[in-house]
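*Asks:* Shown below is the structure under consideration.
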Amino acid sequence: MSKSDVDQYILDVLSGDQVACKSVRQAVERQVRDLTSSENKDFPYYYDEKTAAAICDYFPAALRHSIGRHAGMRFELEPWQKFCISSIFGWKRRDNHCRRFRRVYWSMGRKNGKSSIAAGIAMLMASIDINPYTNDAEARAQVILAATKKEQAEKVVMAECIRMREQSPLIKEGSIYQNKIIRFGHNGGNISCVGSDRPFDGLSPVLCVLDETHSWRKVHQPFFSTMQTGSGSRAQPIILTVTTAGDDRSAIWLEQVGYAKQVLEQSVDDDSLFVACYEMDEKDDPLDPDLWIKANPNLGVSVSAEFLEQQAKQAASSVTAMNRFKRYHANVLVSSSEHIFDIEQFSKCSGELSDWREADAVSFGVDLGGRDDLCAVA
C-alpha cells in the first residue's frame, strides 16, 4: 500500500474533491487532528505506518474476491477502505504497543462490500494477528461471527470466509473447514458463528463481528452485552460492527449510531472507538445520483450506478420503495410506520360515489388486524 493512497483520500475529502457526508468528514478530521497530536510525546497513542501498510497489503496478497464480477481477482482495497483499515490497525498505545481501537462502528449502504471486509478482517485476525507481548501470532485466536440467529451469521460473513478460503491457496493450505468452523493449524486460531437462539459458552475472542445490528431488537440486549464483554483476557481485541441503517424499532442500532456520532462530534471522549459512517446527509435528496457516493463509497466497484438508478425509479413513484431506498442505499434512519401509499395521491381519488344498485358487481373486503392495527371493513 502506498502511503499516498490514504493521504490522498484525506486530502480529497477535506478539499471536497471527494464527495463525502458530514460523518466521514468528521472521521477524516479526527484522523488529521490525532496525527498532529501524536507529535507530542504526551499523547497516549502513535500511528504505526508500517503496521497499517502491512495490514492493507494482506488483503491483495492473501485474499481473493469470491463472488460477482471480481470473483477470483485479488482483494485490492479501495482508498476509502484503506483509510478505515489503516486507522483501525495503525493506531497503537505508547505504553504497551497494543491497538488503540477496541471497538469499530462501520456503516454503509448495501452492496458496498461489508461482508467481504468483515470476512477479510476475520481471516486476518484468526491467523496472523500479532500479539504485542509475544511478538508472535496470537495463540488460539478465536474469531466470533455473531448475529441474532446463528444461521444468519453462517450464511453471510461465514459463507464469505469459506469462499475466500477456497479461493486462496495460501490460506487453504494452512487451514481446515470442518463442522462449520475454520481452523488454522499454526496458531490454533478459528472462526465460528454464534446466535442468540443457540447456547454458547467459553468465548474469548480476539475479534467479534456484530453483523447488521439494525435487525437486533431489545430482546437481544443480553446477547449483545455478552458479545461486548467476552474478550477481557485478550491483549487487543476488536468488537466490529458492520451494518446498514435501521428504523425506529432498531433499539440497539439506535444506541450504537447515536453514541458513534457523539464521538465524531467530540461531545463524547472515547479514544477506543473508531467510527466510519457512510450515509447521505439530512437535507440531501436521496434520489440525487451525484450524492449516492456518500452512502455508497464502493460506487462503480461492487455497486453499480445502473443498479441504484433502477432502485431510484421505483422509489420515485412508491412510498414503500422510497422508504427502502433511503434505508438500504442512502443508509439513513427511516420510520417503521411509513404509509404504504401517498396520502395526497389517495385524497385525489375522492369524488361522488356511484349508485351501487346500478353496478355490475359489488366487492366486500375485510382487513383482520394481525397485531397492533384495527380491523377494517369496506
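Ligands are numbered from 1 in the order shown, chains are lettered A, B, ... in the order of the C-alpha cells, and residues start at 1 in each chain.
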Would you please extract all alpha helix (DSSP H) residues from region 269-371 of chain A, as assigned by DSSP on the backbone, and give them as a count of residues only?

*Replies:* 28

*Asks:* Neighbouring residues of region 51-61 of chain A were defined as those with any atom within 9 Å, considering only C-alpha atoms; residues of the same chain fewer than 6 positions away were excluded. Please report them as a list in words.

*Replies:* Met1, Ser2, Lys3, Met73, Arg74, Phe75, Glu76, Leu77, Gln81, Lys82, Ile85, Ser86, Ser87, Ile88, Phe89, Gly90, Trp91, Gly120, Ile121 and Leu124 of chain A

*Asks:* Could you check the closest approach to Lys50 (chain A) for each of A:Lys92, A:Phe200, A:Cys349, A:Trp106 and tell me which residue wins, using only C-alpha atoms?

*Replies:*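 Closest residue, counting only C-alpha atoms: A:Lys92.
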
*Asks:* Calculated over only C-alpha atoms, which of the candidates A:Leu145, A:Leu333, A:Ala295, A:Glu279 has the smallest distance to Ala251 (chain A)?

*Replies:*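 Closest residue, counting only C-alpha atoms: A:Leu333.
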
*Asks:* Using only C-alpha atoms, which of the listed residues (A:Ala139, A:Met322, A:Ala122, A:Ile128) sits closest to Val209 (chain A)?

*Replies:*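 So, comparing all the options, the nearest one is A:Ala122.
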
*Asks:* Env of Gln228 (chain A): 10 Å cut, atoms = only C-alpha atoms, seq-sep filter 6 positions within chain, self excluded. Answer as an MDAnalysis selection string.

*Replies:* chainID A and resid 103 208 210 222 238:240

*Asks:* Given only C-alpha atoms, how would the per-residue table for region 38-112 of chain A near region 28-34 of chain A read, listing every residue at most 10 Å away with its closest atom pair and distance in Å to one decimal, sorted by chain and number, as a tab-separated table?

*Replies:*
```
residue	atom	partner	partner_atom	distance
A:Ser38	CA	A:Asp34	CA	6.0
A:Glu39	CA	A:Asp34	CA	8.9
A:Phe43	CA	A:Asp34	CA	8.7
A:Tyr45	CA	A:Asp34	CA	8.5
A:Tyr46	CA	A:Asp34	CA	8.7
A:Tyr47	CA	A:Asp34	CA	8.9
A:Phe83	CA	A:Val28	CA	8.7
A:Cys84	CA	A:Val28	CA	9.6
A:Ser87	CA	A:Gln31	CA	7.7
A:Trp91	CA	A:Asp34	CA	9.6
```

*Asks:* Just the number, please: distance in Å from CA of Arg110 (chain A) to CA of Val263 (chain A), one decimal.

*Replies:*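 Distance between the two atoms: 24.0 Å.
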
*Asks:* What is the distance, in Å and to one decimal place, between CA of Trp216 (chain A) and CA of Pro286 (chain A)?

*Replies:* 25.1 Å

*Asks:* Rank A:Pro44, A:Glu212, A:Glu255, A:Asp95 by their smallest atom-to-atom distance to Ala118 (chain A), using only C-alpha atoms, and report the top residue only.

*Replies:*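 The shortest atom-to-atom distance to Ala118 (chain A) comes from A:Glu212.
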
*Asks:* Report as JSON, numbers by chain: the residues of region 251-371 of chain A with a DSSP assignment of strand (DSSP E), based on the backbone of this structure.

*Replies:* {"A": [273, 274, 275, 276, 277, 366, 367]}

*Asks:* Using only C-alpha atoms, which protein or nucleic acid residues come within 9 Å of Ser215 (chain A)? Drop anything in the same chain fewer than 5 positions from it, and give the result as a list of chain:residue names.

*Replies:*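 Everything that qualifies: A:Thr148, A:Gly246, A:Asp247, A:Arg249, A:Ser250, A:Ala251, A:Ile252, A:Trp253.
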
*Asks:* Skipping near chain neighbours, those fewer than 5 positions away, what residues fall within 8 Å of Val13 (chain A) using only C-alpha atoms, listed as a PyMOL selection string?

*Replies:* chain A and resi 18-20+25+28

*Asks:* Create the file for the chosen residues now, containing N, CA and C atoms and written as a PDB file, in the first residue's frame.

*Replies:*
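Saved result, out.pdb, follows:
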```pdb
ATOM      1  N   GLN A  18     -13.522  14.769  -3.091  1.00  0.00           N
ATOM      2  CA  GLN A  18     -14.213  13.519  -2.824  1.00  0.00           C
ATOM      3  C   GLN A  18     -15.519  13.840  -2.123  1.00  0.00           C
ATOM      4  N   VAL A  19     -16.645  13.571  -2.792  1.00  0.00           N
ATOM      5  CA  VAL A  19     -17.950  13.842  -2.181  1.00  0.00           C
ATOM      6  C   VAL A  19     -18.102  12.948  -0.949  1.00  0.00           C
ATOM      7  N   ALA A  20     -18.366  13.552   0.179  1.00  0.00           N
ATOM      8  CA  ALA A  20     -18.443  12.789   1.428  1.00  0.00           C
ATOM      9  C   ALA A  20     -19.467  13.427   2.350  1.00  0.00           C
ATOM     10  N   ARG A  25     -16.416  13.219   6.845  1.00  0.00           N
ATOM     11  CA  ARG A  25     -15.516  14.369   7.011  1.00  0.00           C
ATOM     12  C   ARG A  25     -15.043  14.473   8.454  1.00  0.00           C
ATOM     13  N   VAL A  28     -12.347  11.874   9.057  1.00  0.00           N
ATOM     14  CA  VAL A  28     -11.084  12.301   8.459  1.00  0.00           C
ATOM     15  C   VAL A  28     -10.446  13.414   9.289  1.00  0.00           C
TER      16      VAL A  28
END
```

*Asks:* Go ahead and compute the interatomic distance for CA of Glu49 (chain A) and CA of Asn96 (chain A), in Å to one decimal.

*Replies:* 16.9 Å

*Asks:* Counting only C-alpha atoms, figure out which residue out of A:Thr134, A:Ser354, A:Thr229, A:Ser127 gets nearest to Ile171 (chain A).

*Replies:*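 Among A:Thr134, A:Ser354, A:Thr229, A:Ser127, it is A:Ser127 that comes nearest to Ile171 (chain A).
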
*Asks:* Kindly provide the residues of region 106-164 of chain A that approach region 232-235 of chain A to within 9 Å, each paired with its closest atom pair and their distance in Å to one decimal, based on only C-alpha atoms, listed by chain and increasing number, as a tab-separated table.

*Replies:*
```
residue	atom	partner	partner_atom	distance
A:Asn131	CA	A:Ala235	CA	7.0
A:Pro132	CA	A:Ala235	CA	7.9
A:Tyr133	CA	A:Ala235	CA	8.0
```

*Asks:* Suppose we keep N, CA, C and O atoms; can you now write the selection as a PDB file, in the first residue's frame?

*Replies:*
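Everything below was put into again_20.pdb:
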```
ATOM      1  N   ASN A 131       0.400 -10.638  18.579  1.00  0.00           N
ATOM      2  CA  ASN A 131       0.270 -10.247  19.978  1.00  0.00           C
ATOM      3  C   ASN A 131       1.499  -9.411  20.351  1.00  0.00           C
ATOM      4  O   ASN A 131       2.635  -9.903  20.285  1.00  0.00           O
ATOM      5  N   PRO A 132       1.332  -8.154  20.742  1.00  0.00           N
ATOM      6  CA  PRO A 132       2.492  -7.296  21.021  1.00  0.00           C
ATOM      7  C   PRO A 132       3.324  -7.747  22.210  1.00  0.00           C
ATOM      8  O   PRO A 132       4.494  -7.370  22.326  1.00  0.00           O
ATOM      9  N   TYR A 133       2.742  -8.573  23.085  1.00  0.00           N
ATOM     10  CA  TYR A 133       3.507  -9.057  24.241  1.00  0.00           C
ATOM     11  C   TYR A 133       4.433 -10.210  23.874  1.00  0.00           C
ATOM     12  O   TYR A 133       5.499 -10.366  24.461  1.00  0.00           O
TER      13      TYR A 133
END
```

*Asks:* With only C-alpha atoms as the counted atoms, please give the residues lying no more than 12 Å from Gln262 (chain A), apart from itself and same-chain residues fewer than 4 positions off, as a count of residues only.

*Replies:* 15
